[in-house]
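Reviewing the structure listed below.
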Amino acid sequence: MDLLLAAKGFLGNNWTEFECFYRSALRSDISLLNTINDYLLQHSGKQLRPLLTLMAAELCGKITNSTYMAATATEMVHTASLLHDDVVDNANLRRGAPTVKALWKSQAAVLTGDYWLSRAFQLVVQHGEHRLLPTFTACLVNLSEGELYQLSKAQALDTTQEDYYAIIGKKTASLMASCMEAGAITGGGNDTDVSSMNKAGYALGLAFQIRDDIFDFRKTNLFGKPTGIDLREQKITLPLICALKNVDGNKRKEVINEVKKAAKNIGSANRVRSFVKRQGGIEAAQSLLQEHINEAITIFLSYPETQTRQYLINIAQFLAGREE
């Protein structure tokens, strides 16, 4: 986390300008909406996506007013997806604090999420940045498809590694790709820059989600969410997929049966976690994660040596080993 704070400090006034733009963009005439928005701002996370948007713009050209808008839009889309996720998952905590769904009920969470999504697109249109619309609309389609695909796979319990990558590619990587692509576009990058930042963001997004899924197999909660929640929702993620690769059909059936029971039986969830650790599933997933980090770093290294480039490389390395 100190690295991300340092990166924001490096951006200096550009980060301050983004924060001012972000807060002002959320003001409304509806008092309840302002109350919820203020609560969300007070409990915002690392703000990694807007940070990457600004960094991508600086790497490919320079940060502009349109970059502040793009960074704001990406954070709004991200927050909206979390608000909706909390309703779908019936989650009462996020980052250790009560969710909007828990404090103001599901209706308020869904409607607030709708507002943040709509406001993001309104900003893009108001600022005449129509070149960003294909990026953001494709991202929204991917987010929805990813959630529904994951739901169908949780019901079937037959998620393959290919399925898993399709899910996280749509759910997580697509947004990170969009935020870095938007940075390149608004920073004045050329077509090669735009493509490179999209690929780097996608690789970082895959790594981010894999790391998140690794957390779920730990006993200690370091991430502000209960460990084992993916198992209780019958989501088969990369550590388990890797662990199942080297076992026979009978053992696989046995483990999948435990996954089926994990929603209501913590003992089953613990046995699946123990199996994943014994079979080296966490290490295998971490190895794949590192491949995606290396892919992003290779792209960053193709740019001239600057402090911005070094911060992007450091952020990529941070994502590979983050503990929160």
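Residues are referred to by chain and number: the chain letter is A, B, ... according to the order shown in the structure tokens, the number counts from 1 in that chain, and ligands are numbered separately from 1 in the order shown.
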
- Task: For range 74-91 of chain A, work out the shell of residues within 10 Å, counting only C-alpha atoms and skipping chain neighbours fewer than 5 positions away, then give it as a count of residues only.
- Result: 53

Please run DSSP on the backbone and report, as a short mmCIF file (atom, residue, chain, number, x, y, z; two decimals) with N, CA, C and O atoms, in the first residue's frame, all residues within range 102-233 of chain A that come out as alpha helix (DSSP H).
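In the end it all went to states-v7.cif:
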data_model
loop_
_atom_site.label_atom_id
_atom_site.label_comp_id
_atom_site.auth_asym_id
_atom_site.auth_seq_id
_atom_site.Cartn_x
_atom_site.Cartn_y
_atom_site.Cartn_z
N ALA A 102 -25.96 -3.52 3.23
CA ALA A 102 -26.24 -3.81 4.64
C ALA A 102 -26.82 -2.60 5.36
O ALA A 102 -27.69 -2.74 6.22
N LEU A 103 -26.36 -1.40 5.00
CA LEU A 103 -26.79 -0.20 5.71
C LEU A 103 -28.07 0.41 5.17
O LEU A 103 -28.89 0.95 5.93
N TRP A 104 -28.24 0.35 3.83
CA TRP A 104 -29.40 1.01 3.22
C TRP A 104 -30.30 0.05 2.43
O TRP A 104 -31.18 0.49 1.71
N LYS A 105 -30.02 -1.23 2.52
CA LYS A 105 -30.79 -2.29 1.85
C LYS A 105 -30.43 -2.41 0.37
O LYS A 105 -29.83 -1.53 -0.22
N SER A 106 -30.85 -3.54 -0.19
CA SER A 106 -30.45 -3.91 -1.55
C SER A 106 -30.91 -2.90 -2.60
O SER A 106 -30.19 -2.61 -3.56
N GLN A 107 -32.14 -2.37 -2.42
CA GLN A 107 -32.66 -1.44 -3.42
C GLN A 107 -31.75 -0.23 -3.58
O GLN A 107 -31.45 0.20 -4.71
N ALA A 108 -31.30 0.31 -2.46
CA ALA A 108 -30.42 1.49 -2.50
C ALA A 108 -29.08 1.15 -3.14
O ALA A 108 -28.52 1.96 -3.90
N ALA A 109 -28.57 -0.05 -2.85
CA ALA A 109 -27.28 -0.45 -3.42
C ALA A 109 -27.37 -0.59 -4.94
O ALA A 109 -26.50 -0.11 -5.68
N VAL A 110 -28.43 -1.24 -5.41
CA VAL A 110 -28.61 -1.42 -6.85
C VAL A 110 -28.79 -0.08 -7.55
O VAL A 110 -28.16 0.21 -8.58
N LEU A 111 -29.64 0.77 -7.00
CA LEU A 111 -29.92 2.06 -7.63
C LEU A 111 -28.70 2.98 -7.59
O LEU A 111 -28.45 3.73 -8.54
N THR A 112 -27.95 2.93 -6.51
CA THR A 112 -26.72 3.72 -6.45
C THR A 112 -25.72 3.23 -7.48
O THR A 112 -25.06 4.03 -8.16
N GLY A 113 -25.61 1.91 -7.61
CA GLY A 113 -24.74 1.35 -8.64
C GLY A 113 -25.16 1.79 -10.03
O GLY A 113 -24.32 2.15 -10.87
N ASP A 114 -26.46 1.79 -10.27
CA ASP A 114 -26.99 2.26 -11.56
C ASP A 114 -26.62 3.73 -11.79
O ASP A 114 -26.27 4.13 -12.91
N TYR A 115 -26.73 4.51 -10.73
CA TYR A 115 -26.39 5.93 -10.85
C TYR A 115 -24.92 6.11 -11.22
O TYR A 115 -24.58 6.90 -12.11
N TRP A 116 -24.03 5.39 -10.53
CA TRP A 116 -22.60 5.53 -10.80
C TRP A 116 -22.27 5.11 -12.23
O TRP A 116 -21.45 5.76 -12.90
N LEU A 117 -22.90 4.05 -12.71
CA LEU A 117 -22.68 3.63 -14.10
C LEU A 117 -23.16 4.71 -15.08
O LEU A 117 -22.45 5.08 -16.02
N SER A 118 -24.37 5.19 -14.85
CA SER A 118 -24.94 6.19 -15.75
C SER A 118 -24.13 7.48 -15.73
O SER A 118 -23.89 8.10 -16.77
N ARG A 119 -23.70 7.86 -14.54
CA ARG A 119 -22.91 9.10 -14.40
C ARG A 119 -21.57 8.96 -15.12
O ARG A 119 -21.09 9.93 -15.74
N ALA A 120 -20.97 7.79 -15.09
CA ALA A 120 -19.71 7.57 -15.78
C ALA A 120 -19.87 7.83 -17.27
O ALA A 120 -19.06 8.54 -17.89
N PHE A 121 -20.92 7.29 -17.86
CA PHE A 121 -21.12 7.48 -19.29
C PHE A 121 -21.56 8.91 -19.61
O PHE A 121 -21.20 9.46 -20.66
N GLN A 122 -22.28 9.52 -18.69
CA GLN A 122 -22.67 10.91 -18.90
C GLN A 122 -21.43 11.80 -18.96
O GLN A 122 -21.35 12.72 -19.79
N LEU A 123 -20.46 11.54 -18.10
CA LEU A 123 -19.22 12.32 -18.09
C LEU A 123 -18.49 12.19 -19.43
O LEU A 123 -18.00 13.19 -19.98
N VAL A 124 -18.41 10.96 -19.93
CA VAL A 124 -17.72 10.72 -21.21
C VAL A 124 -18.38 11.54 -22.32
O VAL A 124 -17.71 12.19 -23.12
N VAL A 125 -19.71 11.51 -22.35
CA VAL A 125 -20.44 12.23 -23.39
C VAL A 125 -20.33 13.74 -23.20
O VAL A 125 -20.09 14.49 -24.16
N GLN A 126 -20.48 14.21 -21.96
CA GLN A 126 -20.40 15.65 -21.68
C GLN A 126 -19.05 16.24 -22.09
O GLN A 126 -18.98 17.39 -22.51
N LEU A 133 -16.07 5.67 -25.71
CA LEU A 133 -17.32 4.89 -25.59
C LEU A 133 -17.15 3.42 -25.97
O LEU A 133 -17.65 2.55 -25.25
N PRO A 134 -16.48 3.10 -27.08
CA PRO A 134 -16.30 1.67 -27.40
C PRO A 134 -15.57 0.91 -26.30
O PRO A 134 -15.91 -0.24 -25.99
N THR A 135 -14.59 1.57 -25.68
CA THR A 135 -13.82 0.94 -24.60
C THR A 135 -14.71 0.62 -23.41
O THR A 135 -14.70 -0.50 -22.89
N PHE A 136 -15.49 1.60 -22.98
CA PHE A 136 -16.30 1.42 -21.77
C PHE A 136 -17.54 0.55 -22.01
O PHE A 136 -17.93 -0.22 -21.13
N THR A 137 -18.15 0.68 -23.18
CA THR A 137 -19.32 -0.15 -23.44
C THR A 137 -18.93 -1.63 -23.55
O THR A 137 -19.63 -2.50 -23.02
N ALA A 138 -17.81 -1.92 -24.20
CA ALA A 138 -17.34 -3.30 -24.29
C ALA A 138 -17.02 -3.85 -22.90
O ALA A 138 -17.30 -5.01 -22.59
N CYS A 139 -16.46 -2.99 -22.06
CA CYS A 139 -16.13 -3.41 -20.69
C CYS A 139 -17.38 -3.78 -19.91
O CYS A 139 -17.41 -4.80 -19.21
N LEU A 140 -18.45 -2.97 -20.04
CA LEU A 140 -19.69 -3.27 -19.32
C LEU A 140 -20.31 -4.58 -19.78
O LEU A 140 -20.82 -5.37 -18.96
N VAL A 141 -20.29 -4.83 -21.08
CA VAL A 141 -20.79 -6.10 -21.59
C VAL A 141 -19.98 -7.25 -20.99
O VAL A 141 -20.54 -8.27 -20.55
N ASN A 142 -18.66 -7.08 -20.96
CA ASN A 142 -17.80 -8.13 -20.41
C ASN A 142 -18.08 -8.39 -18.93
O ASN A 142 -18.12 -9.54 -18.48
N LEU A 143 -18.26 -7.31 -18.17
CA LEU A 143 -18.54 -7.46 -16.74
C LEU A 143 -19.81 -8.28 -16.51
O LEU A 143 -19.84 -9.20 -15.66
N SER A 144 -20.85 -7.97 -17.25
CA SER A 144 -22.12 -8.69 -17.10
C SER A 144 -21.99 -10.14 -17.54
O SER A 144 -22.46 -11.06 -16.85
N GLU A 145 -21.37 -10.35 -18.69
CA GLU A 145 -21.20 -11.72 -19.18
C GLU A 145 -20.34 -12.55 -18.23
O GLU A 145 -20.63 -13.73 -18.00
N GLY A 146 -19.30 -11.93 -17.68
CA GLY A 146 -18.42 -12.65 -16.77
C GLY A 146 -19.15 -13.13 -15.53
O GLY A 146 -18.96 -14.26 -15.07
N GLU A 147 -19.99 -12.27 -14.97
CA GLU A 147 -20.75 -12.64 -13.76
C GLU A 147 -21.71 -13.78 -14.07
O GLU A 147 -21.84 -14.74 -13.28
N LEU A 148 -22.39 -13.69 -15.19
CA LEU A 148 -23.36 -14.73 -15.55
C LEU A 148 -22.68 -16.05 -15.89
O LEU A 148 -23.17 -17.13 -15.54
N TYR A 149 -21.53 -15.96 -16.55
CA TYR A 149 -20.77 -17.17 -16.88
C TYR A 149 -20.29 -17.85 -15.60
O TYR A 149 -20.38 -19.08 -15.46
N GLN A 150 -19.80 -17.03 -14.65
CA GLN A 150 -19.35 -17.60 -13.39
C GLN A 150 -20.50 -18.25 -12.63
O GLN A 150 -20.34 -19.32 -12.03
N LEU A 151 -21.67 -17.63 -12.69
CA LEU A 151 -22.85 -18.19 -12.02
C LEU A 151 -23.21 -19.54 -12.62
O LEU A 151 -23.51 -20.50 -11.88
N SER A 152 -23.17 -19.63 -13.94
CA SER A 152 -23.52 -20.90 -14.59
C SER A 152 -22.51 -21.99 -14.25
O SER A 152 -22.88 -23.15 -14.05
N LYS A 153 -21.24 -21.61 -14.14
CA LYS A 153 -20.20 -22.59 -13.81
C LYS A 153 -20.26 -23.01 -12.34
O LYS A 153 -19.95 -24.15 -12.00
N ALA A 154 -20.67 -22.09 -11.48
CA ALA A 154 -20.83 -22.44 -10.06
C ALA A 154 -21.94 -23.46 -9.89
O ALA A 154 -21.88 -24.34 -9.01
N GLN A 155 -22.96 -23.37 -10.73
CA GLN A 155 -24.07 -24.33 -10.65
C GLN A 155 -23.66 -25.69 -11.20
O GLN A 155 -24.05 -26.73 -10.67
N ALA A 156 -22.82 -25.68 -12.25
CA ALA A 156 -22.42 -26.94 -12.88
C ALA A 156 -21.21 -27.58 -12.21
O ALA A 156 -21.01 -28.79 -12.30
N GLN A 161 -9.71 -24.61 -16.54
CA GLN A 161 -8.81 -23.46 -16.53
C GLN A 161 -9.17 -22.47 -17.63
O GLN A 161 -9.10 -21.26 -17.44
N GLU A 162 -9.60 -23.00 -18.77
CA GLU A 162 -10.04 -22.13 -19.86
C GLU A 162 -11.27 -21.33 -19.46
O GLU A 162 -11.37 -20.12 -19.73
N ASP A 163 -12.20 -21.99 -18.78
CA ASP A 163 -13.41 -21.30 -18.29
C ASP A 163 -13.02 -20.20 -17.30
O ASP A 163 -13.53 -19.08 -17.35
N TYR A 164 -12.12 -20.56 -16.41
CA TYR A 164 -11.69 -19.63 -15.36
C TYR A 164 -11.10 -18.37 -15.97
O TYR A 164 -11.45 -17.25 -15.57
N TYR A 165 -10.24 -18.54 -16.96
CA TYR A 165 -9.63 -17.37 -17.59
C TYR A 165 -10.66 -16.55 -18.37
O TYR A 165 -10.56 -15.32 -18.43
N ALA A 166 -11.63 -17.22 -18.94
CA ALA A 166 -12.70 -16.48 -19.63
C ALA A 166 -13.48 -15.64 -18.64
O ALA A 166 -13.84 -14.48 -18.93
N ILE A 167 -13.73 -16.20 -17.46
CA ILE A 167 -14.49 -15.48 -16.42
C ILE A 167 -13.71 -14.28 -15.91
O ILE A 167 -14.21 -13.15 -15.89
N ILE A 168 -12.48 -14.49 -15.47
CA ILE A 168 -11.73 -13.38 -14.88
C ILE A 168 -11.29 -12.38 -15.95
O ILE A 168 -11.09 -11.19 -15.66
N SER A 174 -10.88 -7.05 -17.97
CA SER A 174 -11.42 -6.14 -18.99
C SER A 174 -11.47 -4.69 -18.48
O SER A 174 -11.19 -3.75 -19.23
N LEU A 175 -11.80 -4.51 -17.20
CA LEU A 175 -11.87 -3.15 -16.66
C LEU A 175 -10.48 -2.56 -16.51
O LEU A 175 -10.26 -1.37 -16.80
N MET A 176 -9.52 -3.36 -16.05
CA MET A 176 -8.16 -2.83 -15.91
C MET A 176 -7.56 -2.52 -17.27
O MET A 176 -6.81 -1.56 -17.44
N ALA A 177 -7.90 -3.33 -18.27
CA ALA A 177 -7.45 -3.04 -19.63
C ALA A 177 -8.07 -1.74 -20.12
O ALA A 177 -7.40 -0.90 -20.74
N SER A 178 -9.35 -1.55 -19.83
CA SER A 178 -10.05 -0.34 -20.27
C SER A 178 -9.47 0.92 -19.62
O SER A 178 -9.34 1.96 -20.27
N CYS A 179 -9.12 0.82 -18.34
CA CYS A 179 -8.64 2.02 -17.65
C CYS A 179 -7.29 2.44 -18.19
O CYS A 179 -7.03 3.64 -18.36
N MET A 180 -6.42 1.48 -18.51
CA MET A 180 -5.11 1.85 -19.06
C MET A 180 -5.22 2.28 -20.52
O MET A 180 -4.52 3.19 -20.97
N GLU A 181 -6.13 1.66 -21.25
CA GLU A 181 -6.37 2.08 -22.63
C GLU A 181 -6.90 3.51 -22.65
O GLU A 181 -6.48 4.33 -23.48
N ALA A 182 -7.82 3.82 -21.74
CA ALA A 182 -8.37 5.18 -21.65
C ALA A 182 -7.28 6.18 -21.32
O ALA A 182 -7.29 7.32 -21.81
N GLY A 183 -6.33 5.78 -20.48
CA GLY A 183 -5.21 6.66 -20.17
C GLY A 183 -4.38 6.97 -21.39
O GLY A 183 -4.00 8.12 -21.64
N ALA A 184 -4.10 5.93 -22.18
CA ALA A 184 -3.31 6.13 -23.39
C ALA A 184 -4.04 7.02 -24.38
O ALA A 184 -3.44 7.92 -25.00
N ILE A 185 -5.34 6.81 -24.53
CA ILE A 185 -6.13 7.62 -25.47
C ILE A 185 -6.14 9.08 -25.06
O ILE A 185 -5.84 9.98 -25.86
N THR A 186 -6.47 9.35 -23.80
CA THR A 186 -6.59 10.74 -23.34
C THR A 186 -5.23 11.40 -23.14
O THR A 186 -5.15 12.63 -23.10
N ASP A 191 -1.78 4.60 -31.84
CA ASP A 191 -2.51 3.32 -31.85
C ASP A 191 -1.71 2.21 -31.17
O ASP A 191 -2.29 1.35 -30.49
N THR A 192 -0.40 2.23 -31.34
CA THR A 192 0.45 1.22 -30.69
C THR A 192 0.40 1.37 -29.18
O THR A 192 0.32 0.38 -28.44
N ASP A 193 0.43 2.62 -28.69
CA ASP A 193 0.33 2.88 -27.25
C ASP A 193 -0.99 2.36 -26.69
O ASP A 193 -1.03 1.73 -25.63
N VAL A 194 -2.07 2.66 -27.41
CA VAL A 194 -3.40 2.25 -26.96
C VAL A 194 -3.47 0.73 -26.85
O VAL A 194 -3.96 0.18 -25.86
N SER A 195 -2.97 0.04 -27.87
CA SER A 195 -2.98 -1.42 -27.86
C SER A 195 -2.09 -1.97 -26.75
O SER A 195 -2.46 -2.92 -26.04
N SER A 196 -0.92 -1.37 -26.57
CA SER A 196 0.03 -1.84 -25.54
C SER A 196 -0.54 -1.67 -24.14
O SER A 196 -0.42 -2.58 -23.29
N MET A 197 -1.16 -0.53 -23.88
CA MET A 197 -1.72 -0.29 -22.55
C MET A 197 -2.91 -1.21 -22.29
O MET A 197 -3.11 -1.67 -21.15
N ASN A 198 -3.68 -1.50 -23.33
CA ASN A 198 -4.78 -2.45 -23.18
C ASN A 198 -4.25 -3.82 -22.76
O ASN A 198 -4.76 -4.46 -21.83
N LYS A 199 -3.20 -4.27 -23.45
CA LYS A 199 -2.62 -5.59 -23.15
C LYS A 199 -1.99 -5.63 -21.77
O LYS A 199 -2.13 -6.62 -21.03
N ALA A 200 -1.30 -4.55 -21.40
CA ALA A 200 -0.67 -4.51 -20.09
C ALA A 200 -1.73 -4.51 -18.99
O ALA A 200 -1.61 -5.21 -17.97
N GLY A 201 -2.79 -3.71 -19.18
CA GLY A 201 -3.86 -3.67 -18.20
C GLY A 201 -4.57 -5.00 -18.06
O GLY A 201 -4.92 -5.42 -16.95
N TYR A 202 -4.76 -5.68 -19.19
CA TYR A 202 -5.41 -7.00 -19.16
C TYR A 202 -4.56 -7.99 -18.37
O TYR A 202 -5.08 -8.74 -17.53
N ALA A 203 -3.25 -7.97 -18.61
CA ALA A 203 -2.35 -8.88 -17.89
C ALA A 203 -2.36 -8.58 -16.39
O ALA A 203 -2.41 -9.51 -15.56
N LEU A 204 -2.33 -7.31 -16.03
CA LEU A 204 -2.38 -6.93 -14.62
C LEU A 204 -3.71 -7.33 -13.99
O LEU A 204 -3.76 -7.75 -12.83
N GLY A 205 -4.79 -7.21 -14.75
CA GLY A 205 -6.11 -7.59 -14.25
C GLY A 205 -6.19 -9.08 -13.96
O GLY A 205 -6.76 -9.49 -12.95
N LEU A 206 -5.64 -9.89 -14.86
CA LEU A 206 -5.61 -11.33 -14.62
C LEU A 206 -4.84 -11.64 -13.34
O LEU A 206 -5.29 -12.42 -12.49
N ALA A 207 -3.68 -11.01 -13.21
CA ALA A 207 -2.84 -11.25 -12.03
C ALA A 207 -3.54 -10.81 -10.76
O ALA A 207 -3.50 -11.50 -9.73
N PHE A 208 -4.21 -9.65 -10.82
CA PHE A 208 -4.92 -9.12 -9.65
C PHE A 208 -5.97 -10.12 -9.17
O PHE A 208 -6.09 -10.40 -7.97
N GLN A 209 -6.75 -10.67 -10.10
CA GLN A 209 -7.82 -11.59 -9.72
C GLN A 209 -7.27 -12.92 -9.22
O GLN A 209 -7.81 -13.51 -8.27
N ILE A 210 -6.21 -13.40 -9.84
CA ILE A 210 -5.61 -14.66 -9.37
C ILE A 210 -5.11 -14.49 -7.94
O ILE A 210 -5.31 -15.36 -7.09
N ARG A 211 -4.47 -13.36 -7.67
CA ARG A 211 -3.99 -13.10 -6.31
C ARG A 211 -5.16 -13.05 -5.33
O ARG A 211 -5.09 -13.59 -4.22
N ASP A 212 -6.24 -12.42 -5.74
CA ASP A 212 -7.44 -12.35 -4.91
C ASP A 212 -7.96 -13.76 -4.62
O ASP A 212 -8.37 -14.07 -3.49
N ASP A 213 -7.95 -14.62 -5.62
CA ASP A 213 -8.46 -15.98 -5.44
C ASP A 213 -7.53 -16.83 -4.58
O ASP A 213 -7.98 -17.74 -3.88
N ILE A 214 -6.24 -16.51 -4.62
CA ILE A 214 -5.29 -17.20 -3.74
C ILE A 214 -5.61 -16.87 -2.28
O ILE A 214 -5.54 -17.74 -1.40
N PHE A 215 -5.97 -15.60 -2.01
CA PHE A 215 -6.31 -15.20 -0.64
C PHE A 215 -7.41 -16.08 -0.06
O PHE A 215 -7.46 -16.33 1.14
N ILE A 229 -14.88 -17.69 1.05
CA ILE A 229 -16.19 -17.26 0.53
C ILE A 229 -16.42 -17.80 -0.87
O ILE A 229 -17.55 -18.13 -1.24
N ASP A 230 -15.35 -17.91 -1.68
CA ASP A 230 -15.52 -18.47 -3.03
C ASP A 230 -16.00 -19.91 -2.96
O ASP A 230 -16.87 -20.33 -3.73
N LEU A 231 -15.43 -20.68 -2.04
CA LEU A 231 -15.86 -22.07 -1.88
C LEU A 231 -17.31 -22.14 -1.43
O LEU A 231 -18.08 -22.98 -1.92
N ARG A 232 -17.70 -21.26 -0.52
CA ARG A 232 -19.08 -21.29 -0.04
C ARG A 232 -20.06 -20.89 -1.14
O ARG A 232 -21.23 -21.25 -1.07
#

- Task: Give me, please, the distance in Å between CA of Asp158 in chain A and CA of Ala173 in chain A, quoted to one decimal.
- Result: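 Atom-to-atom, CA of Asp158 in chain A to CA of Ala173 in chain A, that is 21.9 Å.
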
Please, which residues in range 141-249 of chain A fall within 7 Å of range 282-288 of chain A when counting only C-alpha atoms, and what is the closest atom pair and distance in Å to one decimal for each, ordered by chain then residue number, as JSON lines?
{"residue": "A:Ile214", "atom": "CA", "partner": "A:Ile282", "partner_atom": "CA", "distance": 6.2}
{"residue": "A:Leu238", "atom": "CA", "partner": "A:Ala285", "partner_atom": "CA", "distance": 6.0}
{"residue": "A:Pro239", "atom": "CA", "partner": "A:Ile282", "partner_atom": "CA", "distance": 5.0}
{"residue": "A:Cys242", "atom": "CA", "partner": "A:Ala284", "partner_atom": "CA", "distance": 6.3}

- Query: In range 63-269 of chain A, what's strand (DSSP E) per DSSP? Answer as a PyMOL selection string?
  - Reply: chain A and resi 93-94+97-98

Take the residues that were just selected and, keeping N, CA and C atoms, output them as a PDB file, in the first residue's frame.
ATOM      1  N   LEU A  93     -20.233  -7.110   4.371  1.00  0.00           N
ATOM      2  CA  LEU A  93     -18.968  -6.440   4.649  1.00  0.00           C
ATOM      3  C   LEU A  93     -18.152  -6.323   3.373  1.00  0.00           C
ATOM      4  N   ARG A  94     -17.451  -5.212   3.245  1.00  0.00           N
ATOM      5  CA  ARG A  94     -16.455  -5.035   2.185  1.00  0.00           C
ATOM      6  C   ARG A  94     -15.353  -4.159   2.757  1.00  0.00           C
ATOM      7  N   ALA A  97     -15.788  -2.984   6.317  1.00  0.00           N
ATOM      8  CA  ALA A  97     -16.850  -2.049   6.698  1.00  0.00           C
ATOM      9  C   ALA A  97     -18.185  -2.536   6.139  1.00  0.00           C
ATOM     10  N   PRO A  98     -19.302  -2.144   6.769  1.00  0.00           N
ATOM     11  CA  PRO A  98     -20.613  -2.553   6.254  1.00  0.00           C
ATOM     12  C   PRO A  98     -20.813  -2.075   4.815  1.00  0.00           C
TER      13      PRO A  98
END
